[in-house]
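Participant: Got a structure for you, my_file-v2.cif, holding mmCIF, N, CA and C atoms.
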data_upload
#
loop_
_atom_site.label_atom_id
_atom_site.label_comp_id
_atom_site.auth_asym_id
_atom_site.auth_seq_id
_atom_site.Cartn_x
_atom_site.Cartn_y
_atom_site.Cartn_z
N MET I 1 -28.52 -2.33 -19.46
CA MET I 1 -28.33 -3.17 -18.30
C MET I 1 -28.35 -2.30 -17.04
N THR I 2 -29.12 -2.70 -16.06
CA THR I 2 -29.21 -1.97 -14.80
C THR I 2 -28.13 -2.46 -13.85
N ALA I 3 -27.39 -1.52 -13.28
CA ALA I 3 -26.33 -1.89 -12.34
C ALA I 3 -26.94 -2.38 -11.03
N ALA I 4 -26.29 -3.37 -10.44
CA ALA I 4 -26.73 -3.90 -9.15
C ALA I 4 -26.47 -2.88 -8.05
N VAL I 5 -27.29 -2.94 -7.04
CA VAL I 5 -27.10 -2.09 -5.87
C VAL I 5 -26.22 -2.87 -4.90
N ARG I 6 -25.06 -2.35 -4.61
CA ARG I 6 -24.10 -3.06 -3.75
C ARG I 6 -24.48 -2.93 -2.28
N LEU I 7 -24.13 -3.94 -1.53
CA LEU I 7 -24.38 -3.95 -0.10
C LEU I 7 -23.45 -2.95 0.59
N ASP I 8 -24.03 -2.07 1.39
CA ASP I 8 -23.23 -1.07 2.11
C ASP I 8 -23.83 -0.83 3.49
N TYR I 9 -23.17 0.02 4.26
CA TYR I 9 -23.59 0.32 5.63
C TYR I 9 -25.05 0.76 5.69
N GLU I 10 -25.43 1.70 4.85
CA GLU I 10 -26.77 2.28 4.94
C GLU I 10 -27.86 1.23 4.71
N ARG I 11 -27.63 0.28 3.82
CA ARG I 11 -28.62 -0.77 3.55
C ARG I 11 -28.74 -1.72 4.75
N VAL I 12 -27.61 -2.09 5.32
CA VAL I 12 -27.64 -2.97 6.50
C VAL I 12 -28.29 -2.25 7.67
N ARG I 13 -27.94 -0.98 7.91
CA ARG I 13 -28.52 -0.21 9.01
C ARG I 13 -30.03 -0.08 8.85
N SER I 14 -30.48 0.23 7.66
CA SER I 14 -31.91 0.39 7.40
C SER I 14 -32.67 -0.91 7.69
N TYR I 15 -32.12 -2.03 7.23
CA TYR I 15 -32.74 -3.33 7.48
C TYR I 15 -32.81 -3.63 8.98
N VAL I 16 -31.69 -3.46 9.68
CA VAL I 16 -31.63 -3.77 11.11
C VAL I 16 -32.59 -2.86 11.88
N GLU I 17 -32.61 -1.59 11.56
CA GLU I 17 -33.50 -0.66 12.26
C GLU I 17 -34.97 -1.03 12.05
N THR I 18 -35.32 -1.43 10.84
CA THR I 18 -36.69 -1.84 10.56
C THR I 18 -37.08 -3.07 11.38
N VAL I 19 -36.19 -4.06 11.42
CA VAL I 19 -36.49 -5.28 12.17
C VAL I 19 -36.53 -5.01 13.67
N LEU I 20 -35.62 -4.19 14.18
CA LEU I 20 -35.66 -3.86 15.62
C LEU I 20 -36.97 -3.17 15.99
N THR I 21 -37.52 -2.39 15.07
CA THR I 21 -38.83 -1.76 15.32
C THR I 21 -39.91 -2.84 15.48
N THR I 22 -39.84 -3.88 14.66
CA THR I 22 -40.83 -4.96 14.80
C THR I 22 -40.63 -5.73 16.11
N PHE I 23 -39.42 -5.68 16.67
CA PHE I 23 -39.15 -6.28 17.98
C PHE I 23 -39.61 -5.36 19.12
N GLY I 24 -40.06 -4.15 18.79
CA GLY I 24 -40.57 -3.23 19.80
C GLY I 24 -39.67 -2.06 20.14
N TYR I 25 -38.44 -2.04 19.65
CA TYR I 25 -37.52 -0.95 19.98
C TYR I 25 -38.06 0.39 19.49
N GLY I 26 -38.06 1.35 20.39
CA GLY I 26 -38.46 2.72 20.05
C GLY I 26 -39.93 2.91 19.75
N THR I 27 -40.77 1.94 20.11
CA THR I 27 -42.19 2.03 19.74
C THR I 27 -43.08 2.60 20.84
N SER I 28 -42.57 2.67 22.06
CA SER I 28 -43.35 3.22 23.17
C SER I 28 -42.40 3.63 24.29
N PRO I 29 -42.89 4.43 25.22
CA PRO I 29 -42.01 4.82 26.35
C PRO I 29 -41.54 3.64 27.20
N GLU I 30 -42.32 2.56 27.23
CA GLU I 30 -41.96 1.38 28.02
C GLU I 30 -40.97 0.46 27.29
N ALA I 31 -40.91 0.58 25.96
CA ALA I 31 -40.05 -0.28 25.15
C ALA I 31 -38.60 0.20 25.22
N PRO I 32 -37.66 -0.68 24.91
CA PRO I 32 -36.27 -0.21 24.84
C PRO I 32 -36.14 0.87 23.77
N PRO I 33 -35.34 1.89 24.01
CA PRO I 33 -35.17 2.93 22.99
C PRO I 33 -34.40 2.39 21.78
N MET I 34 -34.67 2.97 20.61
CA MET I 34 -33.91 2.59 19.42
C MET I 34 -32.48 3.07 19.62
N PRO I 35 -31.49 2.20 19.39
CA PRO I 35 -30.10 2.62 19.58
C PRO I 35 -29.68 3.61 18.49
N THR I 36 -28.61 4.33 18.76
CA THR I 36 -27.96 5.15 17.76
C THR I 36 -27.14 4.22 16.89
N PHE I 37 -27.06 4.49 15.58
CA PHE I 37 -26.27 3.66 14.67
C PHE I 37 -25.10 4.47 14.13
N SER I 38 -23.98 3.78 13.89
CA SER I 38 -22.79 4.42 13.34
C SER I 38 -22.03 3.40 12.50
N PRO I 39 -21.37 3.86 11.42
CA PRO I 39 -20.54 2.95 10.64
C PRO I 39 -19.20 2.64 11.29
N GLY I 40 -18.90 3.33 12.40
CA GLY I 40 -17.67 3.05 13.12
C GLY I 40 -16.56 3.98 12.72
N PRO I 41 -15.37 3.70 13.17
CA PRO I 41 -14.97 2.51 13.92
C PRO I 41 -15.48 2.52 15.36
N ALA I 42 -15.62 1.35 15.92
CA ALA I 42 -16.20 1.21 17.25
C ALA I 42 -15.37 1.89 18.34
N GLY I 43 -14.10 2.08 18.12
CA GLY I 43 -13.26 2.73 19.12
C GLY I 43 -13.24 4.25 19.04
N ASP I 44 -14.06 4.83 18.15
CA ASP I 44 -14.10 6.28 17.97
C ASP I 44 -14.70 6.93 19.22
N VAL I 45 -13.88 7.61 19.98
CA VAL I 45 -14.32 8.22 21.25
C VAL I 45 -15.42 9.24 21.01
N GLY I 46 -15.32 10.02 19.93
CA GLY I 46 -16.36 11.00 19.62
C GLY I 46 -17.71 10.36 19.42
N GLU I 47 -17.73 9.23 18.71
CA GLU I 47 -18.99 8.50 18.50
C GLU I 47 -19.51 7.94 19.81
N LEU I 48 -18.63 7.42 20.63
CA LEU I 48 -19.06 6.86 21.92
C LEU I 48 -19.67 7.93 22.81
N LYS I 49 -19.19 9.16 22.69
CA LYS I 49 -19.72 10.25 23.50
C LYS I 49 -20.99 10.87 22.89
N SER I 50 -21.34 10.45 21.68
CA SER I 50 -22.49 11.05 20.99
C SER I 50 -23.83 10.68 21.61
N SER I 51 -23.86 9.60 22.37
CA SER I 51 -25.12 9.17 22.97
C SER I 51 -24.86 8.46 24.30
N PRO I 52 -25.62 8.83 25.34
CA PRO I 52 -25.49 8.11 26.60
C PRO I 52 -26.23 6.76 26.57
N ASP I 53 -27.07 6.59 25.54
CA ASP I 53 -27.82 5.35 25.39
C ASP I 53 -27.03 4.37 24.53
N ALA I 54 -27.67 3.31 24.10
CA ALA I 54 -27.00 2.27 23.32
C ALA I 54 -26.57 2.78 21.94
N ILE I 55 -25.45 2.28 21.49
CA ILE I 55 -24.93 2.58 20.16
C ILE I 55 -24.59 1.26 19.48
N VAL I 56 -24.94 1.16 18.21
CA VAL I 56 -24.60 -0.02 17.41
C VAL I 56 -23.68 0.44 16.28
N PHE I 57 -22.47 -0.12 16.28
CA PHE I 57 -21.52 0.13 15.20
C PHE I 57 -21.64 -1.03 14.22
N LEU I 58 -22.02 -0.73 13.00
CA LEU I 58 -22.09 -1.74 11.95
C LEU I 58 -21.01 -1.43 10.92
N THR I 59 -20.02 -2.28 10.85
CA THR I 59 -18.93 -2.09 9.89
C THR I 59 -19.14 -3.08 8.76
N VAL I 60 -19.30 -2.56 7.56
CA VAL I 60 -19.56 -3.40 6.38
C VAL I 60 -18.38 -3.26 5.43
N GLY I 61 -17.76 -4.38 5.07
CA GLY I 61 -16.66 -4.34 4.12
C GLY I 61 -15.72 -5.50 4.30
N GLY I 62 -14.81 -5.62 3.37
CA GLY I 62 -13.91 -6.75 3.39
C GLY I 62 -14.69 -8.03 3.14
N GLY I 63 -14.14 -9.13 3.46
CA GLY I 63 -14.89 -10.37 3.33
C GLY I 63 -14.08 -11.51 2.79
N ALA I 64 -14.80 -12.57 2.47
CA ALA I 64 -14.17 -13.81 2.04
C ALA I 64 -13.95 -13.87 0.53
N GLY I 65 -14.42 -12.88 -0.21
CA GLY I 65 -14.17 -12.82 -1.64
C GLY I 65 -15.35 -13.20 -2.49
N LEU I 66 -15.11 -13.20 -3.79
CA LEU I 66 -16.17 -13.43 -4.78
C LEU I 66 -16.51 -14.91 -4.90
N THR I 67 -17.75 -15.15 -5.33
CA THR I 67 -18.23 -16.51 -5.53
C THR I 67 -19.24 -16.51 -6.68
N LYS I 68 -19.62 -17.67 -7.12
CA LYS I 68 -20.60 -17.82 -8.18
C LYS I 68 -20.24 -16.98 -9.41
N GLU I 69 -19.03 -17.23 -9.95
CA GLU I 69 -18.51 -16.55 -11.13
C GLU I 69 -18.51 -15.03 -10.97
N SER I 70 -18.13 -14.57 -9.79
CA SER I 70 -18.02 -13.14 -9.45
C SER I 70 -19.36 -12.41 -9.43
N THR I 71 -20.46 -13.15 -9.35
CA THR I 71 -21.77 -12.54 -9.29
C THR I 71 -22.10 -12.10 -7.87
N PHE I 72 -21.57 -12.81 -6.89
CA PHE I 72 -21.82 -12.50 -5.49
C PHE I 72 -20.50 -12.29 -4.74
N ASP I 73 -20.56 -11.44 -3.74
CA ASP I 73 -19.41 -11.15 -2.88
C ASP I 73 -19.79 -11.54 -1.46
N ARG I 74 -18.89 -12.19 -0.76
CA ARG I 74 -19.13 -12.57 0.63
C ARG I 74 -18.56 -11.46 1.52
N VAL I 75 -19.44 -10.54 1.91
CA VAL I 75 -19.06 -9.31 2.60
C VAL I 75 -19.16 -9.50 4.12
N PHE I 76 -18.10 -9.10 4.83
CA PHE I 76 -18.14 -9.13 6.30
C PHE I 76 -18.98 -7.98 6.81
N THR I 77 -19.75 -8.24 7.85
CA THR I 77 -20.43 -7.20 8.62
C THR I 77 -20.10 -7.49 10.08
N THR I 78 -19.55 -6.51 10.75
CA THR I 78 -19.25 -6.65 12.16
C THR I 78 -20.22 -5.79 12.95
N ALA I 79 -20.88 -6.39 13.92
CA ALA I 79 -21.81 -5.67 14.79
C ALA I 79 -21.14 -5.51 16.15
N HIS I 80 -20.95 -4.29 16.55
CA HIS I 80 -20.35 -3.96 17.85
C HIS I 80 -21.39 -3.15 18.61
N VAL I 81 -21.95 -3.74 19.65
CA VAL I 81 -23.02 -3.13 20.44
C VAL I 81 -22.43 -2.57 21.73
N VAL I 82 -22.73 -1.30 21.99
CA VAL I 82 -22.33 -0.65 23.23
C VAL I 82 -23.63 -0.31 23.97
N GLY I 83 -23.79 -0.87 25.14
CA GLY I 83 -25.03 -0.66 25.89
C GLY I 83 -25.03 0.64 26.68
N PRO I 84 -26.17 0.96 27.26
CA PRO I 84 -26.24 2.15 28.13
C PRO I 84 -25.39 1.92 29.39
N GLN I 85 -25.04 3.00 30.04
CA GLN I 85 -24.18 2.90 31.22
C GLN I 85 -24.77 1.99 32.29
N ARG I 86 -23.89 1.19 32.88
CA ARG I 86 -24.21 0.32 34.02
C ARG I 86 -25.41 -0.60 33.77
N ASP I 87 -25.60 -1.07 32.54
CA ASP I 87 -26.74 -1.94 32.24
C ASP I 87 -26.30 -3.10 31.35
N PHE I 88 -25.72 -4.10 31.98
CA PHE I 88 -25.26 -5.29 31.26
C PHE I 88 -26.41 -5.96 30.52
N THR I 89 -27.55 -6.10 31.18
CA THR I 89 -28.69 -6.82 30.60
C THR I 89 -29.20 -6.14 29.34
N ALA I 90 -29.29 -4.81 29.34
CA ALA I 90 -29.75 -4.09 28.15
C ALA I 90 -28.78 -4.27 27.00
N ALA I 91 -27.48 -4.22 27.29
CA ALA I 91 -26.47 -4.39 26.24
C ALA I 91 -26.53 -5.80 25.66
N GLU I 92 -26.61 -6.79 26.52
CA GLU I 92 -26.68 -8.18 26.05
C GLU I 92 -27.96 -8.42 25.25
N SER I 93 -29.08 -7.92 25.73
CA SER I 93 -30.36 -8.11 25.03
C SER I 93 -30.32 -7.48 23.64
N LEU I 94 -29.79 -6.26 23.54
CA LEU I 94 -29.69 -5.60 22.24
C LEU I 94 -28.77 -6.40 21.31
N ALA I 95 -27.65 -6.87 21.82
CA ALA I 95 -26.72 -7.65 20.99
C ALA I 95 -27.40 -8.93 20.47
N LEU I 96 -28.15 -9.61 21.33
CA LEU I 96 -28.83 -10.84 20.92
C LEU I 96 -29.97 -10.54 19.95
N ASP I 97 -30.68 -9.44 20.15
CA ASP I 97 -31.75 -9.06 19.22
C ASP I 97 -31.17 -8.68 17.85
N LEU I 98 -30.07 -7.96 17.86
CA LEU I 98 -29.40 -7.61 16.61
C LEU I 98 -28.94 -8.87 15.89
N ASP I 99 -28.41 -9.82 16.62
CA ASP I 99 -28.00 -11.11 16.07
C ASP I 99 -29.19 -11.80 15.41
N ALA I 100 -30.33 -11.81 16.10
CA ALA I 100 -31.53 -12.43 15.53
C ALA I 100 -31.97 -11.71 14.26
N CYS I 101 -31.88 -10.38 14.24
CA CYS I 101 -32.23 -9.60 13.04
C CYS I 101 -31.43 -10.07 11.84
N LEU I 102 -30.13 -10.18 12.03
CA LEU I 102 -29.27 -10.55 10.91
C LEU I 102 -29.46 -12.00 10.49
N LEU I 103 -29.61 -12.89 11.46
CA LEU I 103 -29.74 -14.31 11.12
C LEU I 103 -31.10 -14.67 10.54
N MET I 104 -32.11 -13.87 10.80
CA MET I 104 -33.44 -14.18 10.26
C MET I 104 -33.59 -13.74 8.81
N PHE I 105 -32.59 -13.03 8.29
CA PHE I 105 -32.65 -12.60 6.90
C PHE I 105 -32.69 -13.82 6.02
N GLY I 106 -33.72 -13.93 5.20
CA GLY I 106 -33.96 -15.13 4.41
C GLY I 106 -33.14 -15.22 3.14
N SER I 107 -32.99 -16.42 2.66
CA SER I 107 -32.26 -16.68 1.42
C SER I 107 -32.96 -16.03 0.24
N SER I 108 -32.18 -15.43 -0.63
CA SER I 108 -32.66 -14.79 -1.86
C SER I 108 -33.60 -13.63 -1.61
N ASP I 109 -33.48 -12.98 -0.48
CA ASP I 109 -34.27 -11.79 -0.18
C ASP I 109 -33.55 -10.56 -0.70
N ASP I 110 -34.30 -9.49 -0.76
CA ASP I 110 -33.77 -8.21 -1.17
C ASP I 110 -33.43 -7.42 0.08
N LEU I 111 -32.18 -7.05 0.25
CA LEU I 111 -31.78 -6.28 1.42
C LEU I 111 -31.71 -4.82 1.00
N ASP I 112 -32.86 -4.14 1.09
CA ASP I 112 -32.98 -2.73 0.74
C ASP I 112 -32.39 -2.43 -0.63
N GLY I 113 -32.74 -3.27 -1.61
CA GLY I 113 -32.30 -3.04 -2.98
C GLY I 113 -31.14 -3.91 -3.43
N THR I 114 -30.54 -4.68 -2.54
CA THR I 114 -29.42 -5.54 -2.89
C THR I 114 -29.85 -7.00 -2.77
N TRP I 115 -29.78 -7.73 -3.88
CA TRP I 115 -30.14 -9.15 -3.86
C TRP I 115 -29.10 -9.88 -3.03
N THR I 116 -29.54 -10.53 -1.95
CA THR I 116 -28.64 -11.18 -1.00
C THR I 116 -29.11 -12.60 -0.77
N LEU I 117 -28.19 -13.55 -0.87
CA LEU I 117 -28.53 -14.96 -0.71
C LEU I 117 -28.73 -15.35 0.75
N GLY I 118 -28.12 -14.62 1.66
CA GLY I 118 -28.28 -14.93 3.07
C GLY I 118 -27.20 -14.28 3.90
N ILE I 119 -27.40 -14.30 5.21
CA ILE I 119 -26.43 -13.77 6.17
C ILE I 119 -26.16 -14.86 7.19
N ASN I 120 -24.89 -15.15 7.41
CA ASN I 120 -24.50 -16.18 8.37
C ASN I 120 -23.49 -15.60 9.35
N ARG I 121 -23.53 -16.08 10.58
CA ARG I 121 -22.55 -15.68 11.58
C ARG I 121 -21.24 -16.41 11.33
N THR I 122 -20.13 -15.74 11.57
CA THR I 122 -18.83 -16.38 11.33
C THR I 122 -18.36 -17.21 12.52
N GLY I 123 -19.01 -17.08 13.65
CA GLY I 123 -18.62 -17.84 14.84
C GLY I 123 -19.82 -17.95 15.77
N GLY I 124 -19.54 -17.87 17.05
CA GLY I 124 -20.59 -17.99 18.05
C GLY I 124 -21.42 -16.72 18.18
N ARG I 125 -22.40 -16.79 19.06
CA ARG I 125 -23.30 -15.66 19.30
C ARG I 125 -22.51 -14.45 19.82
N PRO I 126 -23.13 -13.28 19.86
CA PRO I 126 -22.42 -12.10 20.36
C PRO I 126 -21.79 -12.35 21.73
N ALA I 127 -20.56 -11.89 21.86
CA ALA I 127 -19.81 -12.13 23.09
C ALA I 127 -19.41 -10.81 23.73
N LEU I 128 -19.31 -10.83 25.04
CA LEU I 128 -18.84 -9.66 25.77
C LEU I 128 -17.39 -9.40 25.39
N LEU I 129 -17.12 -8.17 24.96
CA LEU I 129 -15.77 -7.79 24.58
C LEU I 129 -15.07 -7.05 25.71
N LEU I 130 -15.77 -6.06 26.30
CA LEU I 130 -15.16 -5.28 27.37
C LEU I 130 -16.20 -4.44 28.08
N LYS I 131 -15.80 -3.91 29.22
CA LYS I 131 -16.56 -2.90 29.94
C LYS I 131 -15.65 -1.69 29.97
N ASP I 132 -16.10 -0.56 29.39
CA ASP I 132 -15.22 0.59 29.25
C ASP I 132 -15.21 1.48 30.50
N SER I 133 -14.45 2.56 30.45
CA SER I 133 -14.30 3.45 31.61
C SER I 133 -15.58 4.20 31.94
N ALA I 134 -16.53 4.24 31.01
CA ALA I 134 -17.83 4.86 31.26
C ALA I 134 -18.85 3.84 31.77
N GLU I 135 -18.36 2.65 32.10
CA GLU I 135 -19.20 1.55 32.60
C GLU I 135 -20.27 1.13 31.60
N ARG I 136 -19.88 1.05 30.34
CA ARG I 136 -20.74 0.58 29.27
C ARG I 136 -20.19 -0.76 28.78
N TYR I 137 -21.07 -1.73 28.64
CA TYR I 137 -20.67 -3.07 28.19
C TYR I 137 -20.70 -3.12 26.67
N HIS I 138 -19.67 -3.77 26.11
CA HIS I 138 -19.52 -3.91 24.66
C HIS I 138 -19.66 -5.38 24.29
N PHE I 139 -20.49 -5.65 23.29
CA PHE I 139 -20.64 -7.01 22.74
C PHE I 139 -20.32 -6.95 21.26
N THR I 140 -19.79 -8.04 20.72
CA THR I 140 -19.45 -8.05 19.30
C THR I 140 -19.70 -9.42 18.68
N ALA I 141 -20.00 -9.40 17.39
CA ALA I 141 -20.13 -10.62 16.58
C ALA I 141 -19.91 -10.23 15.13
N SER I 142 -19.52 -11.20 14.32
CA SER I 142 -19.25 -10.95 12.90
C SER I 142 -20.10 -11.87 12.03
N TYR I 143 -20.41 -11.37 10.84
CA TYR I 143 -21.31 -12.05 9.92
C TYR I 143 -20.76 -11.98 8.50
N ILE I 144 -21.21 -12.89 7.65
CA ILE I 144 -20.91 -12.83 6.22
C ILE I 144 -22.25 -12.78 5.49
N ALA I 145 -22.39 -11.77 4.65
CA ALA I 145 -23.57 -11.66 3.78
C ALA I 145 -23.12 -11.97 2.36
N GLU I 146 -23.82 -12.86 1.69
CA GLU I 146 -23.51 -13.16 0.30
C GLU I 146 -24.43 -12.32 -0.57
N ALA I 147 -23.88 -11.21 -1.08
CA ALA I 147 -24.68 -10.20 -1.79
C ALA I 147 -24.14 -9.97 -3.19
N GLU I 148 -25.03 -9.56 -4.10
CA GLU I 148 -24.62 -9.33 -5.48
C GLU I 148 -23.52 -8.27 -5.56
N THR I 149 -22.64 -8.45 -6.54
CA THR I 149 -21.48 -7.56 -6.65
C THR I 149 -21.71 -6.39 -7.58
N GLY I 150 -22.52 -6.57 -8.60
CA GLY I 150 -22.68 -5.53 -9.60
C GLY I 150 -21.59 -5.53 -10.63
N LEU I 151 -20.74 -6.57 -10.63
CA LEU I 151 -19.66 -6.65 -11.62
C LEU I 151 -20.17 -7.14 -12.96
#
Let me see the structure of the file written as structure tokens.

Facilitator:
Amino acid sequence: MTAAVRLDYERVRSYVETVLTTFGYGTSPEAPPMPTFSPGPAGDVGELKSSPDAIVFLTVGGGAGLTKESTFDRVFTTAHVVGPQRDFTAAESLALDLDACLLMFGSSDDLDGTWTLGINRTGGRPALLLKDSAERYHFTASYIAEAETGL
């Protein structure tokens, strides 16, 4: 029996980065640059200082629990987008594009090796959380992915 590949940060990051490339991120000097990715936590000052450009913190874990006779786990993914300095529009656009990436994931697709039934937002679209002391805007939203458990 082959063990299932569990949903983790690296699989979600790889998927999001691939889709953002199809949206044009990092594809030309005129396009928005590809953001830096980090597993978080979003309040990590060292990570925030690692890039003057946009940073996306993807936290994968926890969730609503097992379903379908413990075959699938409803895993939380939190997307925390930090935009470039003094650029509200770039931060908001990246947050909305990231939201579209996650919501366009189709039912019963393979998420980089993990069979996943779908990804749904837990509430409204990405919302402005704060503007930090470096004048960077933060947006956040949370999602639930129903992915195989490997149990």

Participant: For Leu102 in chain I, find every residue with an atom within 7 Å (counting only N, CA and C atoms), except residues of its own chain fewer than 2 positions away, and show them as a VMD selection string.

Facilitator: chain I and resid 16 97 to 100 104 to 105 119 to 120

Participant: Quick check, in Å to one decimal: how far apart do CA of His138 in chain I and CA of Ala91 in chain I lie?

Facilitator: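 For CA of His138 in chain I relative to CA of Ala91 in chain I, the distance reads 7.1 Å.
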
Participant: Just how far from CA of Tyr143 in chain I is atom C of Val56 in chain I, in Å to one decimal?

Facilitator: 14.2 Å

Participant: Could you tell me which residues the PyMOL selection byres ((chain I and resi 121) around 8) grabs in this file, written as a list in words?

Facilitator: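 On the file shown, the PyMOL selection byres ((chain I and resi 121) around 8) covers Leu102, Leu103, Gly118, Ile119, Asn120, Thr122, Gly123, Gly124, Arg125, Ala141, Ser142, Tyr143, Ile144 and Ala145 of chain I.
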
Participant: Would you save the residues from that selection as a compact mmCIF listing (two decimals), keeping the file's coordinate frame, using N, CA and C atoms?

Facilitator:
# COMPACT_ATOMS: atom_id res chain seq x y z
N LEU I 102 -30.13 -10.18 12.03
CA LEU I 102 -29.27 -10.55 10.91
C LEU I 102 -29.46 -12.00 10.49
N LEU I 103 -29.61 -12.89 11.46
CA LEU I 103 -29.74 -14.31 11.12
C LEU I 103 -31.10 -14.67 10.54
N GLY I 118 -28.12 -14.62 1.66
CA GLY I 118 -28.28 -14.93 3.07
C GLY I 118 -27.20 -14.28 3.90
N ILE I 119 -27.40 -14.30 5.21
CA ILE I 119 -26.43 -13.77 6.17
C ILE I 119 -26.16 -14.86 7.19
N ASN I 120 -24.89 -15.15 7.41
CA ASN I 120 -24.50 -16.18 8.37
C ASN I 120 -23.49 -15.60 9.35
N THR I 122 -20.13 -15.74 11.57
CA THR I 122 -18.83 -16.38 11.33
C THR I 122 -18.36 -17.21 12.52
N GLY I 123 -19.01 -17.08 13.65
CA GLY I 123 -18.62 -17.84 14.84
C GLY I 123 -19.82 -17.95 15.77
N GLY I 124 -19.54 -17.87 17.05
CA GLY I 124 -20.59 -17.99 18.05
C GLY I 124 -21.42 -16.72 18.18
N ARG I 125 -22.40 -16.79 19.06
CA ARG I 125 -23.30 -15.66 19.30
C ARG I 125 -22.51 -14.45 19.82
N ALA I 141 -20.00 -9.40 17.39
CA ALA I 141 -20.13 -10.62 16.58
C ALA I 141 -19.91 -10.23 15.13
N SER I 142 -19.52 -11.20 14.32
CA SER I 142 -19.25 -10.95 12.90
C SER I 142 -20.10 -11.87 12.03
N TYR I 143 -20.41 -11.37 10.84
CA TYR I 143 -21.31 -12.05 9.92
C TYR I 143 -20.76 -11.98 8.50
N ILE I 144 -21.21 -12.89 7.65
CA ILE I 144 -20.91 -12.83 6.22
C ILE I 144 -22.25 -12.78 5.49
N ALA I 145 -22.39 -11.77 4.65
CA ALA I 145 -23.57 -11.66 3.78
C ALA I 145 -23.12 -11.97 2.36

Participant: Quick one: distance from CA of Pro84 in chain I to CA of Glu17 in chain I in Å, one decimal?

Facilitator: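 Going from CA of Pro84 in chain I over to CA of Glu17 in chain I, I get 17.7 Å.
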
Participant: So what does the PyMOL selection byres ((chain I and resi 129) around 6) actually pick up in this one, as a list in words?

Facilitator: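 With the shown file as input, the PyMOL selection byres ((chain I and resi 129) around 6) matches Ala127, Leu128, Leu130, Lys131, His138, Phe139 and Thr140 of chain I.
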
Participant: Can you spit out the residues from that selection as an mmCIF file, in the frame of the given file, using N, CA and C atoms?

Facilitator:
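As a result, selection22.cif now contains:
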data_model
loop_
_atom_site.group_PDB
_atom_site.id
_atom_site.type_symbol
_atom_site.label_atom_id
_atom_site.label_comp_id
_atom_site.auth_asym_id
_atom_site.auth_seq_id
_atom_site.Cartn_x
_atom_site.Cartn_y
_atom_site.Cartn_z
ATOM 1 N N ALA I 127 -20.560 -11.890 21.860
ATOM 2 C CA ALA I 127 -19.810 -12.130 23.090
ATOM 3 C C ALA I 127 -19.410 -10.810 23.730
ATOM 4 N N LEU I 128 -19.310 -10.830 25.040
ATOM 5 C CA LEU I 128 -18.840 -9.660 25.770
ATOM 6 C C LEU I 128 -17.390 -9.400 25.390
ATOM 7 N N LEU I 130 -15.770 -6.060 26.300
ATOM 8 C CA LEU I 130 -15.160 -5.280 27.370
ATOM 9 C C LEU I 130 -16.200 -4.440 28.080
ATOM 10 N N LYS I 131 -15.800 -3.910 29.220
ATOM 11 C CA LYS I 131 -16.560 -2.900 29.940
ATOM 12 C C LYS I 131 -15.650 -1.690 29.970
ATOM 13 N N HIS I 138 -19.670 -3.770 26.110
ATOM 14 C CA HIS I 138 -19.520 -3.910 24.660
ATOM 15 C C HIS I 138 -19.660 -5.380 24.290
ATOM 16 N N PHE I 139 -20.490 -5.650 23.290
ATOM 17 C CA PHE I 139 -20.640 -7.010 22.740
ATOM 18 C C PHE I 139 -20.320 -6.950 21.260
ATOM 19 N N THR I 140 -19.790 -8.040 20.720
ATOM 20 C CA THR I 140 -19.450 -8.050 19.300
ATOM 21 C C THR I 140 -19.700 -9.420 18.680
#

Participant: For this structure, which residues satisfy the selection - the PyMOL selection byres ((chain I and resi 77) around 8) - when it is evaluated on the file as given? I want them as a ChimeraX atom specification.

Facilitator: /I:57-63,74-76,78-80,141-145

Participant: So which residues of chain I fall under strand (DSSP E or B) by DSSP, listed as a PyMOL selection string?

Facilitator: chain I and resi 36-38+55-67+72-82+109-111+114-121+127-131+137-148

Participant: Counting only N, CA and C atoms, select every polymer residue within 8 Å of (-26.1, 0.3, 6.4) as defined in the file's coordinates, and provide the selection as a PyMOL selection string.

Facilitator: chain I and resi 7-16+38-39+58-60
